[in-house]
>>> print(open('upload_28.txt').read())   # compact mmCIF, C-alpha atoms
# COMPACT_ATOMS: atom_id res chain seq x y z
CA MET A 1 14.08 -29.68 -8.37
CA THR A 2 12.35 -29.37 -5.04
CA SER A 3 10.70 -25.98 -5.20
CA GLY A 4 7.67 -25.84 -2.98
CA ASN A 5 9.04 -28.56 -0.73
CA THR A 6 9.03 -27.08 2.78
CA ALA A 7 11.58 -29.50 4.21
CA ALA A 8 13.97 -28.80 1.37
CA GLN A 9 13.47 -25.05 1.70
CA GLN A 10 14.49 -25.16 5.34
CA ARG A 11 17.76 -27.03 4.76
CA PRO A 12 20.71 -24.95 5.88
CA VAL A 13 22.61 -25.75 2.69
CA ASP A 14 21.23 -25.09 -0.75
CA ASP A 15 21.62 -28.61 -2.13
CA ASP A 16 19.63 -27.99 -5.25
CA VAL A 17 22.08 -25.45 -6.61
CA THR A 18 24.55 -28.32 -6.86
CA GLU A 19 21.98 -30.31 -8.77
CA LEU A 20 21.40 -27.38 -11.08
CA VAL A 21 25.11 -26.98 -11.84
CA LEU A 22 25.55 -30.69 -12.45
CA ALA A 23 22.49 -30.81 -14.70
CA ALA A 24 23.63 -27.74 -16.64
CA ARG A 25 27.03 -29.37 -16.99
CA ASP A 26 25.27 -32.37 -18.56
CA GLY A 27 23.59 -30.12 -21.10
CA ASP A 28 20.29 -29.39 -19.35
CA GLN A 29 19.23 -26.02 -20.75
CA ASN A 30 16.41 -25.70 -18.20
CA ALA A 31 18.84 -26.10 -15.29
CA TRP A 32 21.03 -23.40 -16.79
CA ALA A 33 18.03 -21.09 -17.09
CA GLN A 34 17.23 -21.68 -13.43
CA LEU A 35 20.79 -20.78 -12.45
CA VAL A 36 20.44 -17.57 -14.42
CA ASP A 37 17.08 -16.86 -12.77
CA ARG A 38 18.67 -17.39 -9.38
CA TYR A 39 21.82 -15.31 -9.75
CA ALA A 40 21.53 -12.96 -12.75
CA ARG A 41 20.18 -10.08 -10.68
CA LEU A 42 22.95 -10.44 -8.11
CA VAL A 43 25.68 -10.54 -10.76
CA TYR A 44 24.31 -7.40 -12.36
CA ALA A 45 23.96 -5.66 -8.98
CA VAL A 46 27.60 -6.43 -8.11
CA ALA A 47 28.70 -5.01 -11.48
CA LEU A 48 26.77 -1.83 -10.75
CA ARG A 49 28.48 -1.60 -7.35
CA CYS A 50 31.79 -1.39 -9.22
CA ARG A 51 30.50 1.95 -10.54
CA LEU A 52 30.07 0.63 -14.04
CA SER A 53 27.47 2.14 -16.34
CA HIS A 54 24.45 0.02 -17.13
CA ALA A 55 25.90 -0.73 -20.58
CA ASP A 56 29.20 -1.87 -19.07
CA ALA A 57 27.42 -3.79 -16.31
CA ALA A 58 25.50 -5.63 -19.04
CA ASP A 59 28.78 -6.42 -20.86
CA VAL A 60 30.41 -7.68 -17.68
CA THR A 61 27.33 -9.73 -16.81
CA GLN A 62 27.47 -11.38 -20.21
CA THR A 63 31.17 -12.17 -19.80
CA VAL A 64 30.59 -13.66 -16.35
CA TRP A 65 27.91 -16.03 -17.63
CA LEU A 66 30.13 -16.97 -20.55
CA ARG A 67 32.88 -17.75 -18.06
CA LEU A 68 30.52 -20.00 -16.15
CA ALA A 69 29.41 -21.75 -19.35
CA GLU A 70 32.99 -22.48 -20.33
CA ASN A 71 33.99 -23.51 -16.79
CA LEU A 72 31.00 -25.66 -15.86
CA THR A 73 33.11 -28.79 -15.94
CA ARG A 74 35.92 -27.20 -13.93
CA ILE A 75 34.06 -25.84 -10.92
CA ASN A 76 35.31 -27.77 -7.92
CA ASP A 77 32.42 -27.12 -5.57
CA PRO A 78 29.13 -26.59 -7.43
CA SER A 79 27.34 -25.65 -4.21
CA ARG A 80 29.44 -22.45 -4.14
CA VAL A 81 28.62 -21.38 -7.67
CA GLY A 82 26.91 -18.22 -6.38
CA ALA A 83 30.07 -17.05 -4.64
CA TRP A 84 32.07 -18.03 -7.73
CA LEU A 85 29.84 -15.79 -9.83
CA VAL A 86 30.26 -12.84 -7.46
CA THR A 87 34.04 -13.24 -7.34
CA THR A 88 34.23 -13.58 -11.12
CA THR A 89 32.09 -10.47 -11.53
CA LYS A 90 34.43 -8.48 -9.30
CA ARG A 91 37.44 -9.72 -11.28
CA GLU A 92 35.83 -8.86 -14.62
CA CYS A 93 34.89 -5.41 -13.32
CA LEU A 94 38.48 -4.78 -12.32
CA ALA A 95 39.79 -5.98 -15.71
CA LEU A 96 37.38 -3.70 -17.54
CA ILE A 97 38.09 -0.71 -15.31
CA LYS A 98 41.83 -1.15 -15.74
CA ALA A 99 41.57 -1.52 -19.50
CA ARG A 100 39.23 1.45 -19.88
CA ALA A 101 41.31 3.66 -17.56
CA ARG A 102 44.15 3.64 -20.04
CA TYR A 103 42.42 4.53 -23.26
CA GLU A 104 39.31 6.48 -22.35
CA PRO A 105 39.78 10.17 -21.57
CA MET A 106 38.76 11.38 -18.13
CA ASP A 107 35.71 13.61 -17.96
CA VAL A 108 37.32 16.62 -16.27
CA SER A 109 34.02 18.43 -15.72
CA ALA A 110 32.66 15.44 -13.85
CA VAL A 111 35.72 15.32 -11.62
CA THR A 112 35.36 18.92 -10.60
CA LEU A 113 31.65 18.63 -10.01
CA VAL A 114 31.88 15.50 -7.89
CA ASP A 115 33.90 15.96 -4.72
CA ASP A 116 35.57 12.58 -4.88
CA SER A 117 39.20 12.17 -5.80
CA ALA A 118 39.28 8.39 -5.61
CA GLY A 119 40.17 6.54 -8.80
CA PRO A 120 38.12 3.67 -10.13
CA GLU A 121 40.33 1.05 -8.56
CA GLU A 122 40.03 2.73 -5.16
CA HIS A 123 36.28 2.69 -5.57
CA LEU A 124 36.51 -0.99 -6.30
CA THR A 125 38.58 -1.55 -3.16
CA ARG A 126 35.97 0.23 -1.10
CA ALA A 127 33.34 -1.96 -2.65
CA GLU A 128 35.24 -5.10 -1.79
CA SER A 129 33.73 -5.59 1.63
CA ILE A 130 30.32 -5.21 0.07
CA THR A 131 31.10 -7.73 -2.64
CA GLU A 132 32.38 -10.11 0.03
CA VAL A 133 28.98 -9.83 1.66
CA ALA A 134 27.43 -10.44 -1.76
CA ALA A 135 29.49 -13.61 -2.18
CA ALA A 136 28.41 -14.83 1.24
CA TYR A 137 24.81 -13.90 0.45
CA ALA A 138 25.02 -15.95 -2.75
CA LEU A 139 25.76 -19.02 -0.65
CA LEU A 140 22.56 -18.75 1.34
CA THR A 141 19.54 -20.86 0.54
CA GLU A 142 17.03 -19.39 -1.87
CA ARG A 143 14.58 -19.06 1.01
CA CYS A 144 17.04 -17.10 3.16
CA ARG A 145 17.95 -14.83 0.28
CA GLU A 146 14.32 -14.16 -0.50
CA LEU A 147 13.55 -13.38 3.14
CA LEU A 148 16.50 -11.02 3.52
CA ARG A 149 15.75 -9.36 0.18
CA ARG A 150 12.21 -8.64 1.32
CA LEU A 151 13.36 -7.28 4.67
CA VAL A 152 16.20 -5.17 3.28
CA ILE A 153 14.92 -3.84 -0.01
CA ASP A 154 11.18 -4.00 0.18
CA SER A 155 10.93 -3.37 3.94
CA GLU A 156 7.94 -5.64 3.90
CA SER A 157 5.93 -6.27 7.03
CA TYR A 158 6.09 -9.64 8.72
CA GLN A 159 2.43 -10.10 7.77
CA GLN A 160 3.22 -9.64 4.08
CA ILE A 161 6.26 -11.90 4.22
CA SER A 162 4.26 -14.51 6.10
CA ALA A 163 1.61 -14.51 3.40
CA ASP A 164 4.00 -14.55 0.44
CA LEU A 165 6.50 -17.08 1.74
CA HIS A 166 3.98 -19.23 3.60
CA MET A 167 5.83 -18.80 6.89
CA PRO A 168 4.19 -18.46 10.30
CA ILE A 169 4.76 -14.90 11.56
CA GLY A 170 6.40 -16.27 14.68
CA SER A 171 9.06 -18.07 12.68
CA ILE A 172 10.15 -15.06 10.61
CA GLY A 173 12.27 -13.49 13.35
CA PRO A 174 14.11 -16.73 14.25
CA THR A 175 14.56 -17.55 10.54
CA ARG A 176 15.98 -14.09 9.95
CA ILE A 177 18.43 -14.62 12.81
CA ARG A 178 19.46 -18.00 11.40
CA CYS A 179 19.90 -16.56 7.91
CA LEU A 180 22.03 -13.67 9.17
CA SER A 181 24.12 -15.98 11.32
CA MET A 182 24.66 -18.22 8.30
CA LEU A 183 25.64 -15.14 6.31
CA ARG A 184 28.13 -14.17 9.00
CA ARG A 185 29.51 -17.72 9.09
CA HIS A 186 30.06 -17.69 5.31
CA LEU A 187 31.82 -14.33 5.66
CA GLU A 188 34.08 -15.64 8.42
CA GLU A 189 34.91 -18.74 6.38
CA ALA A 190 35.79 -16.57 3.38
CA THR A 191 37.98 -14.33 5.54
CA SER A 192 39.78 -17.25 7.10
CA HIS A 193 40.24 -18.82 3.65
CA ASP A 194 41.72 -15.53 2.36
CA ARG A 195 44.09 -15.35 5.33
CA GLU A 196 45.24 -18.89 4.73
CA ALA A 197 45.78 -18.17 1.03
CA GLU A 198 47.73 -15.04 1.95
CA ARG A 199 49.84 -17.02 4.44
CA LEU A 200 50.64 -19.62 1.81
CA ARG A 201 51.65 -16.91 -0.66
CA SER A 202 54.02 -15.32 1.86
CA PRO A 203 57.66 -16.46 1.63
CA MET B 1 1.97 -8.17 15.85
CA THR B 2 2.79 -4.52 16.47
CA GLU B 3 5.96 -3.33 14.80
CA LYS B 4 8.16 -0.31 14.90
CA ARG B 5 9.93 -0.03 11.59
CA ASN B 6 13.06 1.54 10.21
CA ASP B 7 14.56 1.41 6.71
CA PHE B 8 15.35 -2.26 7.10
CA GLY B 9 12.10 -3.44 8.65
CA PRO B 10 11.39 -4.13 12.30
CA LEU B 11 13.56 -2.42 14.89
CA ASP B 12 14.57 -5.58 16.74
CA PHE B 13 17.89 -5.90 14.89
CA THR B 14 21.18 -6.04 16.70
CA ASP B 15 23.94 -3.59 15.74
CA GLY B 16 25.84 -6.38 13.98
CA GLU B 17 22.75 -7.29 12.00
CA ARG B 18 22.24 -3.68 11.01
CA VAL B 19 25.73 -3.48 9.51
CA LEU B 20 25.17 -6.66 7.54
CA MET B 21 21.75 -5.49 6.42
CA ALA B 22 23.20 -2.15 5.31
CA HIS B 23 25.80 -3.94 3.20
CA LEU B 24 23.12 -6.16 1.77
CA ALA B 25 21.00 -3.13 0.98
CA ALA B 26 23.91 -1.59 -0.91
CA ILE B 27 24.16 -4.68 -3.09
CA LEU B 28 20.55 -5.66 -3.47
CA SER B 29 19.36 -2.18 -4.39
CA GLY B 30 20.84 -2.84 -7.84
CA GLU B 31 19.18 -6.21 -8.31
CA ASN B 32 15.97 -4.93 -9.78
CA ALA B 33 17.87 -2.86 -12.33
CA VAL B 34 18.90 -5.85 -14.43
CA PRO B 35 17.37 -5.44 -17.89
CA GLN B 36 15.28 -8.29 -19.24
CA HIS B 37 17.49 -8.64 -22.31
CA VAL B 38 20.57 -9.21 -20.10
CA GLU B 39 18.88 -12.16 -18.40
CA GLU B 40 17.66 -13.53 -21.70
CA ALA B 41 21.14 -13.24 -23.22
CA ALA B 42 22.62 -15.08 -20.23
CA LYS B 43 20.11 -17.91 -20.67
CA ALA B 44 21.09 -18.25 -24.31
CA LEU B 45 24.78 -18.72 -23.48
CA HIS B 46 24.56 -22.30 -22.27
CA ASP B 47 25.11 -23.67 -25.77
CA TRP B 48 28.63 -22.28 -25.77
CA ALA B 49 29.67 -24.94 -23.28
CA ILE B 50 28.66 -27.55 -25.83
CA VAL B 51 30.29 -25.68 -28.71
CA ASP B 52 33.57 -25.48 -26.80
CA GLU B 53 33.72 -29.26 -26.53
CA THR B 54 34.08 -29.41 -30.31
CA LEU B 55 37.21 -27.27 -30.26
CA ALA B 56 40.64 -28.80 -30.08
CA ASP B 57 42.89 -29.76 -27.19
CA LEU B 58 44.88 -26.56 -27.49
CA SER B 59 42.06 -24.67 -25.81
CA ALA B 60 42.60 -26.49 -22.51
CA ALA B 61 43.35 -24.35 -19.45
CA PRO B 62 44.19 -21.02 -21.06
CA VAL B 63 46.06 -18.63 -18.80
CA LEU B 64 45.16 -15.00 -19.07
CA THR B 65 47.94 -12.56 -18.40
CA ARG B 66 47.98 -8.88 -19.01
CA GLY B 67 51.14 -7.31 -20.33
CA ASP B 68 49.69 -3.88 -19.91
CA ASP B 69 46.36 -2.36 -19.07
CA ALA B 70 44.80 -2.48 -22.51
CA ALA B 71 46.14 -5.74 -23.85
CA PHE B 72 44.92 -9.23 -23.17
CA THR B 73 47.44 -12.00 -23.54
CA PHE B 74 46.44 -15.64 -23.57
CA ASP B 75 49.05 -18.34 -23.24
CA LEU B 76 48.12 -21.77 -24.51
CA GLY B 77 51.20 -23.92 -24.17
CA THR B 78 53.78 -22.38 -26.46
CA VAL B 79 51.12 -20.50 -28.41
CA GLN B 80 50.31 -16.95 -27.40
CA VAL B 81 47.36 -14.85 -28.50
CA ARG B 82 47.65 -11.15 -27.77
CA ALA B 83 44.84 -8.66 -28.29
CA GLU B 84 45.59 -4.95 -27.96
CA VAL B 85 42.59 -2.70 -27.50
CA GLU B 86 42.13 0.96 -28.39
CA PRO B 87 39.06 3.20 -28.50
CA SER B 88 37.42 3.58 -31.88
CA GLY B 89 34.34 5.77 -31.55
CA PHE B 90 31.28 5.46 -29.36
CA ARG B 91 31.28 2.03 -27.75
CA ARG B 92 33.55 0.66 -30.46
CA ARG B 93 37.06 -0.73 -30.07
CA GLN B 94 39.95 -1.28 -32.40
CA LEU B 95 41.62 -4.64 -31.87
CA SER B 96 45.06 -5.64 -33.00
CA ILE B 97 45.60 -9.36 -32.62
CA SER B 98 48.71 -11.46 -32.98
CA VAL B 99 49.03 -15.24 -32.75
CA ASP B 100 52.54 -16.59 -32.20
CA ASP B 101 54.07 -19.92 -31.31
CA ALA B 102 57.28 -19.63 -29.27
CA ALA B 103 58.28 -23.11 -30.44
CA GLY B 104 57.97 -21.98 -34.04
CA LEU B 105 55.91 -25.03 -34.98
CA ALA B 106 52.41 -23.64 -35.39
CA ASP B 107 51.33 -22.09 -38.63
CA VAL B 108 48.37 -19.73 -38.33
CA LYS B 109 45.76 -20.58 -40.94
CA GLU B 110 42.75 -18.53 -39.89
CA VAL B 111 41.86 -16.05 -37.17
CA SER B 112 38.35 -14.92 -36.38
CA LEU B 113 36.40 -13.23 -33.63
CA GLN B 114 33.35 -14.77 -32.09
CA PHE B 115 30.57 -12.91 -30.29
CA PRO B 116 28.13 -14.27 -27.71
CA ASP B 117 25.16 -13.86 -30.05
CA GLY B 118 26.71 -16.36 -32.45
CA ARG B 119 28.13 -13.88 -34.95
CA SER B 120 31.69 -14.28 -36.07
CA GLN B 121 34.07 -12.03 -37.94
CA ASP B 122 36.89 -13.39 -40.08
CA LEU B 123 40.12 -11.39 -39.94
CA VAL B 124 42.73 -10.85 -42.61
CA PRO B 125 46.40 -10.43 -41.63
CA ASP B 126 48.33 -7.32 -42.57
CA ARG B 127 51.86 -7.52 -43.94
CA PHE B 128 53.23 -7.88 -40.40
CA GLY B 129 50.99 -10.83 -39.64
CA GLN B 130 48.78 -8.80 -37.31
CA TYR B 131 45.01 -9.05 -37.48
CA ALA B 132 43.08 -5.79 -37.06
CA ALA B 133 39.37 -5.39 -36.44
CA SER B 134 36.89 -2.74 -35.39
CA VAL B 135 34.34 -4.26 -33.02
CA PRO B 136 31.51 -3.11 -30.77
CA SER B 137 32.40 -2.95 -27.07
CA GLY B 138 31.35 -6.03 -25.19
CA ALA B 139 32.35 -9.67 -24.88
CA LEU B 140 34.19 -11.63 -27.54
CA ARG B 141 36.83 -14.28 -27.95
CA VAL B 142 39.45 -15.10 -30.53
CA ILE B 143 39.35 -18.32 -32.53
CA ALA B 144 42.50 -19.37 -34.37
CA VAL B 145 42.97 -22.33 -36.67
CA LEU B 146 46.54 -23.59 -36.62
CA GLY B 147 48.47 -26.01 -38.79
CA GLY B 148 51.99 -27.36 -38.52
CA LEU B 149 51.47 -29.11 -35.18
CA GLY B 150 51.20 -32.53 -36.70
CA ARG B 151 47.54 -31.92 -37.38
CA ARG B 152 45.22 -29.03 -37.96
CA GLY B 153 43.66 -27.71 -34.76
CA ALA B 154 41.60 -24.81 -33.50
CA LEU B 155 42.06 -22.89 -30.29
CA HIS B 156 40.01 -20.25 -28.62
CA THR B 157 40.73 -17.71 -25.94
CA ALA B 158 38.49 -17.27 -22.96
CA TRP B 159 35.77 -14.67 -23.39
CA PHE B 160 36.92 -11.18 -22.55
CA THR B 161 35.30 -7.79 -22.46
CA VAL B 162 36.58 -4.81 -24.41
>>> encode(input="upload_28.txt", output="structure tokens")
Amino acid sequence: MTSGNTAAQQRPVDDDVTELVLAARDGDQNAWAQLVDRYARLVYAVALRCRLSHADAADVTQTVWLRLAENLTRINDPSRVGAWLVTTTKRECLALIKARARYEPMDVSAVTLVDDSAGPEEHLTRAESITEVAAAYALLTERCRELLRRLVIDSESYQQISADLHMPIGSIGPTRIRCLSMLRRHLEEATSHDREAERLRSP
Amino acid sequence: MTEKRNDFGPLDFTDGERVLMAHLAAILSGENAVPQHVEEAAKALHDWAIVDETLADLSAAPVLTRGDDAAFTFDLGTVQVRAEVEPSGFRRRQLSISVDDAAGLADVKEVSLQFPDGRSQDLVPDRFGQYAASVPSGALRVIAVLGGLGRRGALHTAWFTV
């Protein structure tokens, strides 16, 4: 691992996630724990975006990590494990929503109180663009993700970020621009990959 | 450095950046909600990858198909495992499981359920050869021990959530 290594932190590609996946694949429990540390919050957040309860989000999260454990040797591109986790979470959410929709009665009072006629699958469709962003976000370096998290969620000042991440204040703006452009590039690649897959599926 | 701020920090974002940041905010706002026990459970799951290696060849590349919305069907070569799910009280599910071999060669010896915390639950077939179980909602998988294939072998489904 190269945590604390400035040169490594500034690499555009998160090489060490590949190392973590390969080490976990070889039975390294510590590498697995680091993967969980890195992505568990994102997986859970994506499950919540599917409008699952916290209990269901916890169930889906557990299933997603089980899926990764049983597929560690089958993942083609370990560097994209973050996106794989987000996509798998979305798929597991949809499976659970579809299964539950059949056998759990609808809460009529809730429907009348909430002015929203969309069904759970429609909600999931609406959330798709957001989960696509989540998948692209998962491909960013740990440093980029930490910077964007602090800007977006914590609305931290540049001074605070500079102190916590040991970055010169003057480099925060350019780094933010690079991180967002990398995020956009990952999104565009995913979109073009989806289009190609769709084209290949078409007769 | 003097800063004007909005919900997403300094105001020097472009419109495109704002859209991306808004999407990120929608996702990341849920990140801090993850309970500690969920993370700890995820860290404990790594051993399953090792456990799986001890199971037989039949477990290779299972294909999950869904015949209907509340049934999970797993095809493993000619062997099919089907789990139908129904509600059974607060956060409990009633499972009805069948294990069949289209080639008619496999003989089902044992069927059990396995849970991520290591617990397992042995199932007894009814007179129709179906295996019923009441389980808590959450993740599980089906383990079946088969004979009649030239040797005794075990297979497992992928983990699924009920």
>>> closest_residue(input="upload_28.txt", among="A:Leu52, A:Ala138, A:Leu151, A:Cys144", to="chain B", atoms="only C-alpha atoms")
A:Leu151
>>> closest_atom_pairs(input="upload_28.txt", of="stretch 91-161 of chain B", to="stretch 59-83 of chain A", cutoff="10 Å", atoms="all atoms listed in the file", output="Markdown table")
| residue | atom | partner | partner_atom | distance |
| --- | --- | --- | --- | --- |
| B:Pro116 | CA | A:Leu66 | CA | 7.9 |
| B:Ser137 | CA | A:Asp59 | CA | 8.0 |
| B:Gly138 | CA | A:Asp59 | CA | 5.1 |
| B:Ala139 | CA | A:Thr63 | CA | 5.8 |
| B:Leu140 | CA | A:Thr63 | CA | 8.3 |
| B:Ala158 | CA | A:Arg67 | CA | 7.5 |
| B:Trp159 | CA | A:Thr63 | CA | 6.3 |
| B:Phe160 | CA | A:Thr63 | CA | 6.5 |
| B:Thr161 | CA | A:Thr63 | CA | 6.6 |
>>> residues_near_point(input="upload_28.txt", point="(16.7, -9.3, -19.1)", cutoff="12 Å", atoms="all atoms listed in the file", output="PDB file with C-alpha atoms, in the frame of the given file")
ATOM      1  CA  VAL A  36      20.440 -17.570 -14.420  1.00  0.00           C
ATOM      2  CA  ASP A  37      17.080 -16.860 -12.770  1.00  0.00           C
ATOM      3  CA  ALA A  40      21.530 -12.960 -12.750  1.00  0.00           C
ATOM      4  CA  ARG A  41      20.180 -10.080 -10.680  1.00  0.00           C
ATOM      5  CA  TYR A  44      24.310  -7.400 -12.360  1.00  0.00           C
ATOM      6  CA  ALA A  58      25.500  -5.630 -19.040  1.00  0.00           C
ATOM      7  CA  THR A  61      27.330  -9.730 -16.810  1.00  0.00           C
ATOM      8  CA  GLN A  62      27.470 -11.380 -20.210  1.00  0.00           C
TER       9      GLN A  62
ATOM     10  CA  GLU B  31      19.180  -6.210  -8.310  1.00  0.00           C
ATOM     11  CA  ASN B  32      15.970  -4.930  -9.780  1.00  0.00           C
ATOM     12  CA  ALA B  33      17.870  -2.860 -12.330  1.00  0.00           C
ATOM     13  CA  VAL B  34      18.900  -5.850 -14.430  1.00  0.00           C
ATOM     14  CA  PRO B  35      17.370  -5.440 -17.890  1.00  0.00           C
ATOM     15  CA  GLN B  36      15.280  -8.290 -19.240  1.00  0.00           C
ATOM     16  CA  HIS B  37      17.490  -8.640 -22.310  1.00  0.00           C
ATOM     17  CA  VAL B  38      20.570  -9.210 -20.100  1.00  0.00           C
ATOM     18  CA  GLU B  39      18.880 -12.160 -18.400  1.00  0.00           C
ATOM     19  CA  GLU B  40      17.660 -13.530 -21.700  1.00  0.00           C
ATOM     20  CA  ALA B  41      21.140 -13.240 -23.220  1.00  0.00           C
ATOM     21  CA  ALA B  42      22.620 -15.080 -20.230  1.00  0.00           C
ATOM     22  CA  LYS B  43      20.110 -17.910 -20.670  1.00  0.00           C
ATOM     23  CA  ALA B  44      21.090 -18.250 -24.310  1.00  0.00           C
TER      24      ALA B  44
END
>>> closest_residue(input="upload_28.txt", among="B:Phe74, B:Gly147, B:Val81, B:Arg91", to="chain A", atoms="all atoms listed in the file")
B:Arg91
>>> atom_distance(input="upload_28.txt", atom1="atom CA of A:Glu92", atom2="atom CA of B:Ala70")
13.5 Å
>>> closest_residue(input="upload_28.txt", among="B:Ala106, B:Ala133, B:Leu28, B:Ala154", to="chain A", atoms="all atoms listed in the file")
B:Leu28
>>> atom_distance(input="upload_28.txt", atom1="atom CA of B:Ala103", atom2="atom CA of B:Gln121")
27.7 Å
>>> axis_aligned_box(input="upload_28.txt", around="stretch 90-100 of chain A", padding_each_side="4 Å", output="lines of an AutoDock Vina configuration file")
center_x = 38.1
center_y = -4.1
center_z = -14.6
size_x = 15.4
size_y = 19.2
size_z = 18.6
>>> closest_residue(input="upload_28.txt", among="B:Val162, B:Val79, B:Leu123, B:Leu113", to="chain A", atoms="all atoms listed in the file")
B:Val162
>>> residues_around(input="upload_28.txt", residues="B:Leu95", least_positions_apart="2", cutoff="8 Å", atoms="all atoms listed in the file", output="MDAnalysis selection string")
chainID B and resid 83:86 93 97 131:135
>>> atom_distance(input="upload_28.txt", atom1="atom CA of A:Thr87", atom2="atom CA of A:Glu132")
8.2 Å
>>> closest_residue(input="upload_28.txt", among="A:Leu147, A:Ala23, A:Ala45, A:Ile97", to="chain B", atoms="only C-alpha atoms")
A:Ala45
>>> residues_around(input="upload_28.txt", residues="A:Trp32", least_positions_apart="5", cutoff="7 Å", atoms="all atoms listed in the file", output="PyMOL selection string")
(chain A and resi 20+24) or (chain B and resi 43+46)
>>> closest_residue(input="upload_28.txt", among="B:Phe72, B:Pro136, B:Lys109, B:Asp101", to="B:Gly89", atoms="all atoms listed in the file")
B:Pro136
>>> build_atoms(input="upload_28.txt", residues="stretch 84-96 of chain A", atoms="N, CA and C atoms", output="PDB file, keeping the file's coordinate frame")
ATOM      1  N   TRP A  84      31.172 -18.028  -6.558  1.00  0.00           N
ATOM      2  CA  TRP A  84      32.070 -18.030  -7.730  1.00  0.00           C
ATOM      3  C   TRP A  84      31.642 -16.939  -8.704  1.00  0.00           C
ATOM      4  N   LEU A  85      30.342 -16.813  -8.903  1.00  0.00           N
ATOM      5  CA  LEU A  85      29.840 -15.790  -9.830  1.00  0.00           C
ATOM      6  C   LEU A  85      30.150 -14.387  -9.318  1.00  0.00           C
ATOM      7  N   VAL A  86      29.980 -14.165  -8.019  1.00  0.00           N
ATOM      8  CA  VAL A  86      30.260 -12.840  -7.460  1.00  0.00           C
ATOM      9  C   VAL A  86      31.746 -12.505  -7.590  1.00  0.00           C
ATOM     10  N   THR A  87      32.597 -13.472  -7.248  1.00  0.00           N
ATOM     11  CA  THR A  87      34.040 -13.240  -7.340  1.00  0.00           C
ATOM     12  C   THR A  87      34.457 -12.983  -8.787  1.00  0.00           C
ATOM     13  N   THR A  88      33.906 -13.763  -9.704  1.00  0.00           N
ATOM     14  CA  THR A  88      34.230 -13.580 -11.120  1.00  0.00           C
ATOM     15  C   THR A  88      33.753 -12.211 -11.610  1.00  0.00           C
ATOM     16  N   THR A  89      32.599 -11.787 -11.145  1.00  0.00           N
ATOM     17  CA  THR A  89      32.090 -10.470 -11.530  1.00  0.00           C
ATOM     18  C   THR A  89      33.041  -9.373 -11.070  1.00  0.00           C
ATOM     19  N   LYS A  90      33.494  -9.484  -9.828  1.00  0.00           N
ATOM     20  CA  LYS A  90      34.430  -8.480  -9.300  1.00  0.00           C
ATOM     21  C   LYS A  90      35.710  -8.455 -10.136  1.00  0.00           C
ATOM     22  N   ARG A  91      36.203  -9.634 -10.491  1.00  0.00           N
ATOM     23  CA  ARG A  91      37.440  -9.720 -11.280  1.00  0.00           C
ATOM     24  C   ARG A  91      37.238  -9.123 -12.677  1.00  0.00           C
ATOM     25  N   GLU A  92      36.093  -9.410 -13.282  1.00  0.00           N
ATOM     26  CA  GLU A  92      35.830  -8.860 -14.620  1.00  0.00           C
ATOM     27  C   GLU A  92      35.650  -7.354 -14.570  1.00  0.00           C
ATOM     28  N   CYS A  93      35.033  -6.870 -13.495  1.00  0.00           N
ATOM     29  CA  CYS A  93      34.890  -5.410 -13.320  1.00  0.00           C
ATOM     30  C   CYS A  93      36.268  -4.767 -13.278  1.00  0.00           C
ATOM     31  N   LEU A  94      37.135  -5.355 -12.486  1.00  0.00           N
ATOM     32  CA  LEU A  94      38.480  -4.780 -12.320  1.00  0.00           C
ATOM     33  C   LEU A  94      39.227  -4.798 -13.659  1.00  0.00           C
ATOM     34  N   ALA A  95      39.114  -5.897 -14.409  1.00  0.00           N
ATOM     35  CA  ALA A  95      39.790  -5.980 -15.710  1.00  0.00           C
ATOM     36  C   ALA A  95      39.267  -4.890 -16.643  1.00  0.00           C
ATOM     37  N   LEU A  96      37.962  -4.704 -16.640  1.00  0.00           N
ATOM     38  CA  LEU A  96      37.380  -3.700 -17.540  1.00  0.00           C
ATOM     39  C   LEU A  96      37.785  -2.286 -17.110  1.00  0.00           C
TER      40      LEU A  96
END
